[in-house]
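File shown: query20.cif (mmCIF, C-alpha atoms).
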```
data_work
#
loop_
_atom_site.label_atom_id
_atom_site.label_comp_id
_atom_site.auth_asym_id
_atom_site.auth_seq_id
_atom_site.Cartn_x
_atom_site.Cartn_y
_atom_site.Cartn_z
CA MET C 7 -24.27 14.11 7.61
CA THR C 8 -27.64 12.74 6.58
CA LEU C 9 -28.42 9.05 6.27
CA SER C 10 -28.93 9.29 2.53
CA SER C 11 -25.59 11.02 1.98
CA PHE C 12 -23.97 8.36 4.16
CA LEU C 13 -25.55 5.58 2.11
CA HIS C 14 -24.59 7.38 -1.10
CA MET C 15 -20.87 7.11 -0.12
CA GLY C 16 -19.90 10.03 -2.36
CA GLY C 17 -21.02 8.11 -5.42
CA TYR C 18 -19.13 4.93 -4.54
CA ALA C 19 -22.08 3.16 -2.88
CA ALA C 20 -22.15 0.46 -5.58
CA PHE C 21 -18.60 -0.58 -4.65
CA VAL C 22 -18.26 0.21 -0.95
CA TRP C 23 -21.43 -1.49 0.29
CA PRO C 24 -21.05 -4.77 -1.64
CA ALA C 25 -17.46 -5.00 -0.33
CA TYR C 26 -18.66 -4.57 3.26
CA LEU C 27 -21.64 -6.89 2.80
CA PHE C 28 -19.49 -9.63 1.29
CA THR C 29 -17.00 -9.29 4.17
CA LEU C 30 -19.79 -9.42 6.76
CA ALA C 31 -21.40 -12.43 5.08
CA LEU C 32 -18.17 -14.43 5.00
CA LEU C 33 -17.20 -13.53 8.58
CA VAL C 34 -20.64 -14.54 9.86
CA LEU C 35 -20.60 -17.71 7.77
CA ASN C 36 -17.25 -18.69 9.34
CA VAL C 37 -18.65 -18.26 12.85
CA PHE C 38 -21.55 -20.59 12.01
CA THR C 39 -19.44 -23.24 10.27
CA ALA C 40 -16.93 -23.23 13.16
CA ARG C 41 -19.69 -23.61 15.74
CA GLY C 42 -21.33 -26.27 13.56
CA THR C 43 -18.07 -28.25 13.40
CA HIS C 44 -17.75 -28.12 17.18
CA ARG C 45 -21.41 -28.96 17.79
CA ARG C 46 -21.33 -31.97 15.44
CA ALA C 47 -18.20 -33.28 17.16
CA LEU C 48 -19.88 -32.82 20.56
CA THR C 49 -23.03 -34.66 19.45
CA GLU C 50 -20.95 -37.50 18.05
CA ALA C 51 -18.81 -37.71 21.22
CA ARG C 52 -21.90 -37.79 23.44
CA ARG C 53 -23.47 -40.51 21.26
CA ARG C 54 -20.33 -42.65 21.53
CA LEU C 55 -20.24 -42.14 25.30
CA ARG C 56 -23.86 -43.29 25.63
CA ASN C 57 -23.21 -46.35 23.46
CA ALA C 58 -20.05 -47.20 25.40
CA GLU C 59 -21.69 -47.02 28.83
CA PRO C 60 -23.43 -50.45 28.94
CA GLN C 61 -20.16 -52.25 28.24
CA ARG C 62 -18.50 -50.93 31.40
CA MET I 25 14.22 -23.41 29.93
CA LYS I 26 11.09 -25.15 31.15
CA TRP I 27 8.90 -26.67 28.48
CA THR I 28 6.24 -27.97 30.83
CA TRP I 29 3.82 -25.15 29.89
CA PHE I 30 4.12 -26.17 26.26
CA HIS I 31 3.40 -29.83 26.95
CA LYS I 32 0.48 -28.84 29.11
CA LEU I 33 -0.90 -26.57 26.38
CA ALA I 34 -0.45 -29.30 23.79
CA SER I 35 -2.37 -31.82 25.87
CA PRO I 36 -5.82 -32.09 24.26
CA PRO I 37 -8.01 -32.05 27.42
CA HIS I 38 -6.19 -29.03 28.82
CA PHE I 39 -6.38 -27.22 25.50
CA TYR I 40 -10.05 -28.10 25.05
CA ARG I 41 -10.99 -26.58 28.41
CA LEU I 42 -8.73 -23.53 28.06
CA ALA I 43 -9.98 -22.80 24.53
CA GLY I 44 -13.56 -23.07 25.74
CA ARG I 45 -12.91 -20.46 28.39
CA LEU I 46 -11.02 -18.11 26.05
CA THR I 47 -13.36 -18.18 23.04
CA PRO I 48 -16.10 -15.85 24.43
CA TRP I 49 -13.46 -13.26 25.39
CA PHE I 50 -12.01 -13.29 21.88
CA GLY I 51 -15.46 -13.28 20.26
CA TRP I 52 -17.02 -10.43 22.23
CA SER I 53 -13.92 -8.24 22.16
CA ALA I 54 -13.72 -8.81 18.38
CA LEU I 55 -17.34 -7.66 18.01
CA ILE I 56 -16.72 -4.51 20.07
CA VAL I 57 -13.43 -3.59 18.36
CA ILE I 58 -14.77 -4.25 14.83
CA SER I 59 -17.91 -2.19 15.56
CA ALA I 60 -15.81 0.72 16.81
CA ALA I 61 -13.50 0.42 13.78
CA LEU I 62 -16.53 0.42 11.44
CA TYR I 63 -17.77 3.65 13.02
CA GLY I 64 -14.30 5.17 12.77
CA GLY I 65 -13.78 4.06 9.18
CA LEU I 66 -17.22 4.73 7.71
CA VAL I 67 -18.23 7.83 9.68
CA LEU I 68 -15.33 9.58 11.45
CA ALA I 69 -12.53 9.21 8.88
CA PRO I 70 -12.48 12.01 6.27
CA PRO I 71 -12.88 11.14 2.57
CA ASP I 72 -9.64 10.62 0.66
CA TYR I 73 -8.45 13.61 -1.38
CA GLN I 74 -8.20 11.48 -4.52
CA GLN I 75 -10.57 8.56 -4.01
CA GLY I 76 -13.33 10.29 -2.04
CA ASP I 77 -15.43 7.84 -0.06
CA GLY I 78 -14.34 4.96 -2.30
CA PHE I 79 -11.17 4.56 -0.24
CA ARG I 80 -13.28 3.25 2.67
CA ILE I 81 -13.06 -0.23 1.13
CA VAL I 82 -9.56 -0.26 2.65
CA TYR I 83 -11.08 -0.97 6.09
CA VAL I 84 -12.18 -4.44 5.01
CA HIS I 85 -9.72 -5.05 2.17
CA ALA I 86 -6.39 -4.46 3.94
CA PRO I 87 -7.19 -6.26 7.22
CA ALA I 88 -8.53 -9.25 5.26
CA ALA I 89 -5.42 -9.30 3.04
CA TRP I 90 -3.08 -9.08 6.06
CA MET I 91 -5.02 -11.82 7.80
CA SER I 92 -4.87 -14.03 4.70
CA LEU I 93 -1.07 -13.99 5.05
CA PHE I 94 -1.04 -14.18 8.86
CA THR I 95 -3.37 -17.19 8.84
CA TYR I 96 -1.16 -18.93 6.30
CA VAL I 97 1.94 -18.41 8.47
CA VAL I 98 0.06 -19.76 11.51
CA MET I 99 -1.03 -22.76 9.43
CA ALA I 100 2.48 -23.48 8.11
CA VAL I 101 4.16 -23.05 11.52
CA ALA I 102 1.56 -25.31 13.18
CA ALA I 103 2.03 -27.87 10.40
CA ALA I 104 5.82 -27.77 10.86
CA VAL I 105 5.51 -28.14 14.65
CA GLY I 106 3.17 -31.09 14.13
CA LEU I 107 5.51 -32.65 11.61
CA ILE I 108 8.74 -32.18 13.59
CA TRP I 109 7.60 -32.83 17.17
CA ARG I 110 4.63 -35.07 16.27
CA ILE I 111 2.19 -32.95 18.23
CA LYS I 112 -1.35 -33.88 17.24
CA LEU I 113 -2.83 -30.62 18.50
CA ALA I 114 -0.57 -28.67 16.11
CA HIS I 115 -1.97 -30.61 13.16
CA ALA I 116 -5.48 -29.88 14.40
CA VAL I 117 -4.60 -26.16 14.44
CA ALA I 118 -3.18 -26.32 10.90
CA ALA I 119 -6.25 -28.11 9.58
CA SER I 120 -8.53 -25.54 11.26
CA CYS I 121 -6.67 -22.56 9.79
CA ALA I 122 -7.31 -23.44 6.13
CA PRO I 123 -11.03 -22.58 5.74
CA ILE I 124 -10.61 -19.36 7.75
CA GLY I 125 -7.59 -18.32 5.70
CA ALA I 126 -9.39 -19.12 2.46
CA SER I 127 -12.24 -16.85 3.59
CA PHE I 128 -9.87 -13.95 4.35
CA THR I 129 -8.22 -14.43 0.96
CA LEU I 130 -11.58 -14.43 -0.83
CA ILE I 131 -12.62 -11.27 1.03
CA ALA I 132 -9.35 -9.58 0.00
CA LEU I 133 -9.82 -10.61 -3.66
CA VAL I 134 -13.52 -9.66 -3.91
CA SER I 135 -13.19 -6.34 -2.04
CA GLY I 136 -10.09 -5.58 -4.10
CA SER I 137 -12.03 -6.19 -7.32
CA LEU I 138 -14.83 -3.93 -6.12
CA TRP I 139 -12.21 -1.29 -5.39
CA GLY I 140 -10.47 -1.79 -8.71
CA VAL I 141 -13.50 -1.06 -10.87
CA PRO I 142 -13.89 2.65 -9.93
CA MET I 143 -10.18 3.36 -9.30
CA TRP I 144 -8.33 1.31 -11.92
CA GLY I 145 -11.14 0.85 -14.42
CA THR I 146 -10.83 -2.93 -14.20
CA TRP I 147 -11.84 -5.58 -11.69
CA TRP I 148 -8.91 -7.84 -12.46
CA VAL I 149 -5.41 -7.75 -13.96
CA TRP I 150 -2.91 -10.58 -14.03
CA ASP I 151 -0.24 -8.63 -12.21
CA ALA I 152 2.05 -9.91 -9.46
CA ARG I 153 0.06 -8.85 -6.39
CA LEU I 154 -3.32 -10.05 -7.61
CA THR I 155 -2.02 -13.27 -9.15
CA SER I 156 0.03 -14.25 -6.07
CA GLU I 157 -2.98 -13.59 -3.82
CA LEU I 158 -5.10 -15.79 -6.11
CA ILE I 159 -2.43 -18.51 -5.79
CA LEU I 160 -2.77 -18.16 -2.01
CA LEU I 161 -6.48 -18.96 -2.37
CA PHE I 162 -5.60 -22.05 -4.44
CA LEU I 163 -3.03 -23.09 -1.80
CA TYR I 164 -5.70 -22.99 0.89
CA LEU I 165 -8.24 -24.82 -1.30
CA GLY I 166 -5.60 -27.33 -2.43
CA TYR I 167 -4.64 -28.00 1.19
CA MET I 168 -8.29 -28.62 2.08
CA ALA I 169 -8.85 -30.83 -0.97
CA LEU I 170 -5.69 -32.84 -0.24
CA ARG I 171 -6.76 -33.40 3.37
CA SER I 172 -10.26 -34.47 2.45
CA SER I 173 -8.94 -36.89 -0.18
CA ILE I 174 -7.00 -38.90 2.44
CA ASP I 175 -9.08 -40.92 4.88
CA ASP I 176 -6.32 -41.67 7.40
CA VAL I 177 -5.99 -38.61 9.65
CA GLN I 178 -2.25 -39.03 10.32
CA ARG I 179 -1.42 -39.39 6.64
CA ALA I 180 -3.63 -36.40 5.83
CA ASP I 181 -1.78 -34.43 8.53
CA ARG I 182 1.63 -35.25 7.05
CA ALA I 183 0.70 -34.68 3.40
CA GLY I 184 -1.11 -31.45 4.27
CA ALA I 185 1.83 -30.25 6.37
CA ILE I 186 4.27 -30.66 3.48
CA LEU I 187 1.98 -28.72 1.12
CA ALA I 188 1.49 -25.97 3.73
CA ILE I 189 5.23 -25.65 4.39
CA VAL I 190 6.21 -25.59 0.70
CA GLY I 191 3.49 -23.03 0.00
CA VAL I 192 4.89 -20.59 2.56
CA ILE I 193 7.28 -19.37 -0.17
CA ASN I 194 4.25 -17.53 -1.58
CA VAL I 195 3.91 -15.33 1.53
CA PRO I 196 7.00 -13.10 0.97
CA ILE I 197 6.21 -13.10 -2.76
CA ILE I 198 2.79 -11.59 -2.03
CA HIS I 199 4.19 -9.09 0.46
CA TYR I 200 7.02 -7.84 -1.76
CA SER I 201 5.21 -8.26 -5.10
CA VAL I 202 4.38 -4.56 -5.25
CA GLU I 203 8.07 -3.66 -4.87
CA TRP I 204 9.69 -6.38 -6.97
CA TRP I 205 7.43 -5.98 -9.98
CA ASN I 206 5.54 -3.19 -11.62
CA SER I 207 2.07 -3.59 -10.23
CA LEU I 208 -1.20 -1.76 -10.70
CA HIS I 209 -1.60 -2.32 -6.98
CA GLN I 210 -0.20 0.47 -4.84
CA THR I 211 2.79 -0.14 -2.58
CA SER I 212 2.31 -0.42 1.16
CA THR I 213 0.72 2.59 2.84
CA VAL I 214 1.05 1.46 6.45
CA MET I 215 4.12 -0.78 6.71
CA ARG I 216 6.81 1.42 5.17
CA GLY I 217 10.18 2.72 6.26
CA ASP I 218 9.20 6.35 6.79
CA GLY I 219 6.04 5.58 8.78
CA PRO I 220 2.43 5.22 7.63
CA ALA I 221 1.44 7.60 4.82
CA MET I 222 -1.99 8.23 6.28
CA PRO I 223 -3.38 10.75 8.78
CA ALA I 224 -4.28 9.37 12.23
CA SER I 225 -8.02 9.78 11.61
CA MET I 226 -7.75 7.30 8.71
CA LEU I 227 -5.06 5.07 10.21
CA THR I 228 -6.61 4.48 13.65
CA PRO I 229 -9.76 2.71 12.38
CA LEU I 230 -7.59 0.63 10.05
CA LEU I 231 -5.34 -0.56 12.87
CA MET I 232 -8.40 -1.17 15.06
CA MET I 233 -9.97 -3.24 12.32
CA PHE I 234 -6.76 -5.24 12.08
CA VAL I 235 -6.85 -5.93 15.84
CA GLY I 236 -10.56 -6.81 15.57
CA PHE I 237 -9.89 -9.28 12.73
CA LYS I 238 -7.11 -10.89 14.82
CA LEU I 239 -9.47 -11.32 17.79
CA TYR I 240 -12.15 -12.69 15.46
CA PHE I 241 -9.61 -15.13 14.02
CA GLY I 242 -8.77 -16.23 17.59
CA ALA I 243 -12.40 -16.96 18.42
CA VAL I 244 -13.17 -18.84 15.18
CA LEU I 245 -9.89 -20.79 15.21
CA LEU I 246 -10.31 -21.90 18.85
CA THR I 247 -13.86 -23.08 18.13
CA ARG I 248 -12.74 -25.01 15.06
CA VAL I 249 -9.78 -26.59 16.86
CA ARG I 250 -12.05 -27.70 19.72
CA GLY I 251 -14.27 -29.52 17.24
CA GLU I 252 -11.26 -30.97 15.47
CA VAL I 253 -9.70 -32.19 18.76
CA LEU I 254 -12.97 -33.84 19.86
CA ARG I 255 -13.24 -35.61 16.51
CA ARG I 256 -9.62 -36.81 16.54
CA GLU I 257 -9.61 -37.91 20.18
CA ARG I 258 -12.97 -39.65 20.03
CA ASN I 259 -11.72 -42.75 21.87
CA ALA I 260 -9.79 -40.90 24.57
CA ALA I 261 -10.91 -41.23 28.18
CA TRP I 262 -10.71 -37.49 28.86
CA ILE I 263 -13.67 -36.78 26.60
CA GLY I 264 -15.96 -38.55 29.03
CA GLU I 265 -14.58 -36.49 31.90
CA VAL I 266 -14.95 -33.21 30.02
CA LEU I 267 -18.47 -33.87 28.74
CA GLN I 268 -19.95 -35.32 31.91
CA LYS I 269 -19.51 -32.10 33.86
#
```
Can you dump the structure from the file as structure tokens?
Amino acid sequence: MTLSSFLHMGGYAAFVWPAYLFTLALLVLNVFTARGTHRRALTEARRRLRNAEPQR
Amino acid sequence: MKWTWFHKLASPPHFYRLAGRLTPWFGWSALIVISAALYGGLVLAPPDYQQGDGFRIVYVHAPAAWMSLFTYVVMAVAAAVGLIWRIKLAHAVAASCAPIGASFTLIALVSGSLWGVPMWGTWWVWDARLTSELILLFLYLGYMALRSSIDDVQRADRAGAILAIVGVINVPIIHYSVEWWNSLHQTSTVMRGDGPAMPASMLTPLLMMFVGFKLYFGAVLLTRVRGEVLRRERNAAWIGEVLQK
């Protein structure tokens, strides 16, 4: 199988590749938003800890 | 029966640490399994005798559609556990499921449309399978909108839980829609009484992709729940202990 015949997908390239690209994009996006949610919560928790310290 | 393991798991500091240790295992194994399934589905599997290479959309469409239902069940069960036993962690799990489930649903709908154009001659029909899956997307989005419209976390948890639990009625409707009504969508190829109607070379990558999506879901959900737990427990003493290490 050559690369061009693989990319051609038996004539269905216009449907197969967008489906895979959309899936990949959304899966990757979810990884970043999940990590972003966690990172923001960590930053906020650390900030609160720093601010709370002097009162102890 | 001892329930101590459950109480330990439901304790936020224990969960936070355990989830942090588990996430890389889920994430990396998901990457490996999905990569292998991609190779199996796009390269090794033979073209379909009717649909040619167009059938290969199944390797993203079906796992995403299954996961859209699985995620909803996880969300509704977590919401019910949170509502009945007042476990805060369960509500955090339910809240974290919604955006991931909405993404799986959107993938199923978009990849299904892209499959429908060459095979059915249309990207959309208002038949039972497609319409009930679209309603699933609206359930997820409605759940998220409801939560974000309520400032008080506990009230948002309760209101969201009721919506999630009522909406679970849609899950069997989606699953059986292709049998109960005349649908343009085919009936199940894999989960059927007489065994999967697919040769092993086509079926193996599909099942692998399903496992890969589950592992991926585990990694993303754990990460989201960790963030959610930190945000909800911001005044708890354990956060200082966990972060100062």
With a cut-off of 9 Å, could you pull out the residues of chain C touching chain I and give me the nearest pair of atoms for each, distance in Å to one decimal, using only C-alpha atoms, ordered by chain and ascending number, as CSV?
```
residue,atom,partner,partner_atom,distance
C:Met7,CA,I:Val67,CA,9.0
C:Phe12,CA,I:Val67,CA,8.0
C:Met15,CA,I:Asp77,CA,5.5
C:Gly16,CA,I:Asp77,CA,5.5
C:Gly17,CA,I:Asp77,CA,7.7
C:Tyr18,CA,I:Gly78,CA,5.3
C:Ala19,CA,I:Gly78,CA,8.0
C:Ala20,CA,I:Leu138,CA,8.6
C:Phe21,CA,I:Leu138,CA,5.3
C:Val22,CA,I:Ile81,CA,5.6
C:Trp23,CA,I:Ile81,CA,8.5
C:Pro24,CA,I:Leu138,CA,7.7
C:Ala25,CA,I:Ser135,CA,4.8
C:Tyr26,CA,I:Val84,CA,6.7
C:Phe28,CA,I:Ile131,CA,7.1
C:Thr29,CA,I:Ile131,CA,5.7
C:Leu32,CA,I:Ser127,CA,6.6
C:Leu33,CA,I:Ser127,CA,7.8
C:Asn36,CA,I:Ile124,CA,6.9
C:Val37,CA,I:Val244,CA,6.0
C:Thr39,CA,I:Arg248,CA,8.4
C:Ala40,CA,I:Arg248,CA,4.9
C:Arg41,CA,I:Thr247,CA,6.3
C:Gly42,CA,I:Gly251,CA,8.6
C:Thr43,CA,I:Gly251,CA,5.5
C:His44,CA,I:Gly251,CA,3.8
C:Arg45,CA,I:Gly251,CA,7.2
C:Arg46,CA,I:Gly251,CA,7.7
C:Ala47,CA,I:Gly251,CA,5.4
C:Leu48,CA,I:Leu254,CA,7.0
C:Glu50,CA,I:Arg255,CA,8.1
C:Ala51,CA,I:Arg258,CA,6.3
C:Arg52,CA,I:Leu267,CA,7.4
C:Arg54,CA,I:Arg258,CA,8.1
C:Leu55,CA,I:Gly264,CA,6.7
```
Step by step, work through what the PyMOL selection byres ((chain I and resi 209) around 9) selects in the shown file, and finish by giving those residues as a VMD selection string. chain I and resid 151 to 154 202 206 to 208 210 to 211
Separating atom CA of I:Ala54 from atom CA of I:Gly236, to the nearest tenth of an Å, is a gap of 4.7 Å
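Distance annotation: of I:Leu231, I:Leu239, I:Met222, I:Met215, the residue with the minimal separation from I:Tyr73 is I:Met222; atom set is all atoms listed in the file.
The gap separating atom CA of I:Thr28 from atom CA of I:Ala104 is 20.0 Å, in Å to one decimal.
Picture a line from atom CA of I:Val214 to atom CA of I:Ala188; it runs 27.6 Å.
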Test item: the PyMOL selection byres ((chain I and resi 157) around 9) resolved as a PDB file with C-alpha atoms, keeping the file's coordinate frame:
```
ATOM      1  CA  ALA I  89      -5.420  -9.300   3.040  1.00  0.00           C
ATOM      2  CA  SER I  92      -4.870 -14.030   4.700  1.00  0.00           C
ATOM      3  CA  THR I 129      -8.220 -14.430   0.960  1.00  0.00           C
ATOM      4  CA  ALA I 132      -9.350  -9.580   0.000  1.00  0.00           C
ATOM      5  CA  LEU I 133      -9.820 -10.610  -3.660  1.00  0.00           C
ATOM      6  CA  ALA I 152       2.050  -9.910  -9.460  1.00  0.00           C
ATOM      7  CA  ARG I 153       0.060  -8.850  -6.390  1.00  0.00           C
ATOM      8  CA  LEU I 154      -3.320 -10.050  -7.610  1.00  0.00           C
ATOM      9  CA  THR I 155      -2.020 -13.270  -9.150  1.00  0.00           C
ATOM     10  CA  SER I 156       0.030 -14.250  -6.070  1.00  0.00           C
ATOM     11  CA  LEU I 158      -5.100 -15.790  -6.110  1.00  0.00           C
ATOM     12  CA  ILE I 159      -2.430 -18.510  -5.790  1.00  0.00           C
ATOM     13  CA  LEU I 160      -2.770 -18.160  -2.010  1.00  0.00           C
ATOM     14  CA  LEU I 161      -6.480 -18.960  -2.370  1.00  0.00           C
ATOM     15  CA  PHE I 162      -5.600 -22.050  -4.440  1.00  0.00           C
ATOM     16  CA  ASN I 194       4.250 -17.530  -1.580  1.00  0.00           C
ATOM     17  CA  VAL I 195       3.910 -15.330   1.530  1.00  0.00           C
ATOM     18  CA  ILE I 198       2.790 -11.590  -2.030  1.00  0.00           C
TER      19      ILE I 198
END
```
Excluding I:Ala69 and residues on its chain fewer than 2 positions from it, collect all residues at most 9 Å away from it, counting all atoms listed in the file, and give them as an MDAnalysis selection string. chainID I and resid 63:67 71:72 80 224:229
Writer output for current selection, C-alpha atoms, as an mmCIF file, in the frame of the given file:
```
data_model
loop_
_atom_site.group_PDB
_atom_site.id
_atom_site.type_symbol
_atom_site.label_atom_id
_atom_site.label_comp_id
_atom_site.auth_asym_id
_atom_site.auth_seq_id
_atom_site.Cartn_x
_atom_site.Cartn_y
_atom_site.Cartn_z
ATOM 1 C CA TYR I 63 -17.770 3.650 13.020
ATOM 2 C CA GLY I 64 -14.300 5.170 12.770
ATOM 3 C CA GLY I 65 -13.780 4.060 9.180
ATOM 4 C CA LEU I 66 -17.220 4.730 7.710
ATOM 5 C CA VAL I 67 -18.230 7.830 9.680
ATOM 6 C CA PRO I 71 -12.880 11.140 2.570
ATOM 7 C CA ASP I 72 -9.640 10.620 0.660
ATOM 8 C CA ARG I 80 -13.280 3.250 2.670
ATOM 9 C CA ALA I 224 -4.280 9.370 12.230
ATOM 10 C CA SER I 225 -8.020 9.780 11.610
ATOM 11 C CA MET I 226 -7.750 7.300 8.710
ATOM 12 C CA LEU I 227 -5.060 5.070 10.210
ATOM 13 C CA THR I 228 -6.610 4.480 13.650
ATOM 14 C CA PRO I 229 -9.760 2.710 12.380
#
```
Report, as lines of an AutoDock Vina configuration file, the axis-aligned box around all atoms of stretch 143-159 of chain I present in the file, extended by 8 Å on each side; give centre and edge lengths in Å to one decimal place.
```
center_x = -4.9
center_y = -7.6
center_z = -9.1
size_x = 29.9
size_y = 37.9
size_z = 26.6
```
Provide stretch 20-47 of chain C rebuilt to N, CA and C atoms, formatted as a compact mmCIF listing (two decimals), in the frame of the given file.
```
# COMPACT_ATOMS: atom_id res chain seq x y z
N ALA C 20 -22.06 1.73 -4.86
CA ALA C 20 -22.15 0.46 -5.58
C ALA C 20 -20.92 -0.41 -5.38
N PHE C 21 -19.84 0.19 -4.87
CA PHE C 21 -18.60 -0.58 -4.65
C PHE C 21 -18.33 -0.78 -3.16
N VAL C 22 -18.57 0.29 -2.38
CA VAL C 22 -18.26 0.21 -0.95
C VAL C 22 -19.19 -0.79 -0.25
N TRP C 23 -20.50 -0.64 -0.47
CA TRP C 23 -21.43 -1.49 0.29
C TRP C 23 -21.33 -2.97 -0.07
N PRO C 24 -21.24 -3.33 -1.35
CA PRO C 24 -21.05 -4.77 -1.64
C PRO C 24 -19.79 -5.34 -1.00
N ALA C 25 -18.70 -4.52 -0.95
CA ALA C 25 -17.46 -5.00 -0.33
C ALA C 25 -17.69 -5.29 1.16
N TYR C 26 -18.39 -4.37 1.83
CA TYR C 26 -18.66 -4.57 3.26
C TYR C 26 -19.64 -5.72 3.48
N LEU C 27 -20.66 -5.81 2.63
CA LEU C 27 -21.64 -6.89 2.80
C LEU C 27 -21.00 -8.26 2.59
N PHE C 28 -20.16 -8.35 1.56
CA PHE C 28 -19.49 -9.63 1.29
C PHE C 28 -18.60 -10.03 2.47
N THR C 29 -17.86 -9.03 3.01
CA THR C 29 -17.00 -9.29 4.17
C THR C 29 -17.84 -9.78 5.34
N LEU C 30 -18.92 -9.05 5.65
CA LEU C 30 -19.79 -9.42 6.76
C LEU C 30 -20.33 -10.83 6.57
N ALA C 31 -20.80 -11.11 5.35
CA ALA C 31 -21.40 -12.43 5.08
C ALA C 31 -20.39 -13.54 5.33
N LEU C 32 -19.17 -13.36 4.85
CA LEU C 32 -18.17 -14.43 5.00
C LEU C 32 -17.72 -14.58 6.46
N LEU C 33 -17.59 -13.45 7.17
CA LEU C 33 -17.20 -13.53 8.58
C LEU C 33 -18.27 -14.25 9.39
N VAL C 34 -19.55 -13.90 9.13
CA VAL C 34 -20.64 -14.54 9.86
C VAL C 34 -20.72 -16.02 9.50
N LEU C 35 -20.57 -16.31 8.22
CA LEU C 35 -20.60 -17.71 7.77
C LEU C 35 -19.54 -18.54 8.50
N ASN C 36 -18.34 -17.97 8.66
CA ASN C 36 -17.25 -18.69 9.34
C ASN C 36 -17.57 -18.97 10.80
N VAL C 37 -18.26 -18.02 11.45
CA VAL C 37 -18.65 -18.26 12.85
C VAL C 37 -19.60 -19.46 12.91
N PHE C 38 -20.58 -19.50 11.98
CA PHE C 38 -21.55 -20.59 12.01
C PHE C 38 -20.93 -21.93 11.64
N THR C 39 -20.05 -21.95 10.63
CA THR C 39 -19.44 -23.24 10.27
C THR C 39 -18.53 -23.74 11.39
N ALA C 40 -17.80 -22.82 12.05
CA ALA C 40 -16.93 -23.23 13.16
C ALA C 40 -17.75 -23.81 14.29
N ARG C 41 -18.84 -23.11 14.65
CA ARG C 41 -19.69 -23.61 15.74
C ARG C 41 -20.35 -24.92 15.34
N GLY C 42 -20.72 -25.03 14.06
CA GLY C 42 -21.33 -26.27 13.56
C GLY C 42 -20.37 -27.44 13.67
N THR C 43 -19.10 -27.20 13.31
CA THR C 43 -18.07 -28.25 13.40
C THR C 43 -17.94 -28.73 14.83
N HIS C 44 -17.89 -27.76 15.76
CA HIS C 44 -17.75 -28.12 17.18
C HIS C 44 -18.98 -28.87 17.68
N ARG C 45 -20.17 -28.36 17.29
CA ARG C 45 -21.41 -28.96 17.79
C ARG C 45 -21.57 -30.40 17.28
N ARG C 46 -21.24 -30.61 16.00
CA ARG C 46 -21.33 -31.97 15.44
C ARG C 46 -20.38 -32.92 16.17
N ALA C 47 -19.17 -32.44 16.45
CA ALA C 47 -18.20 -33.28 17.16
C ALA C 47 -18.68 -33.59 18.57
```
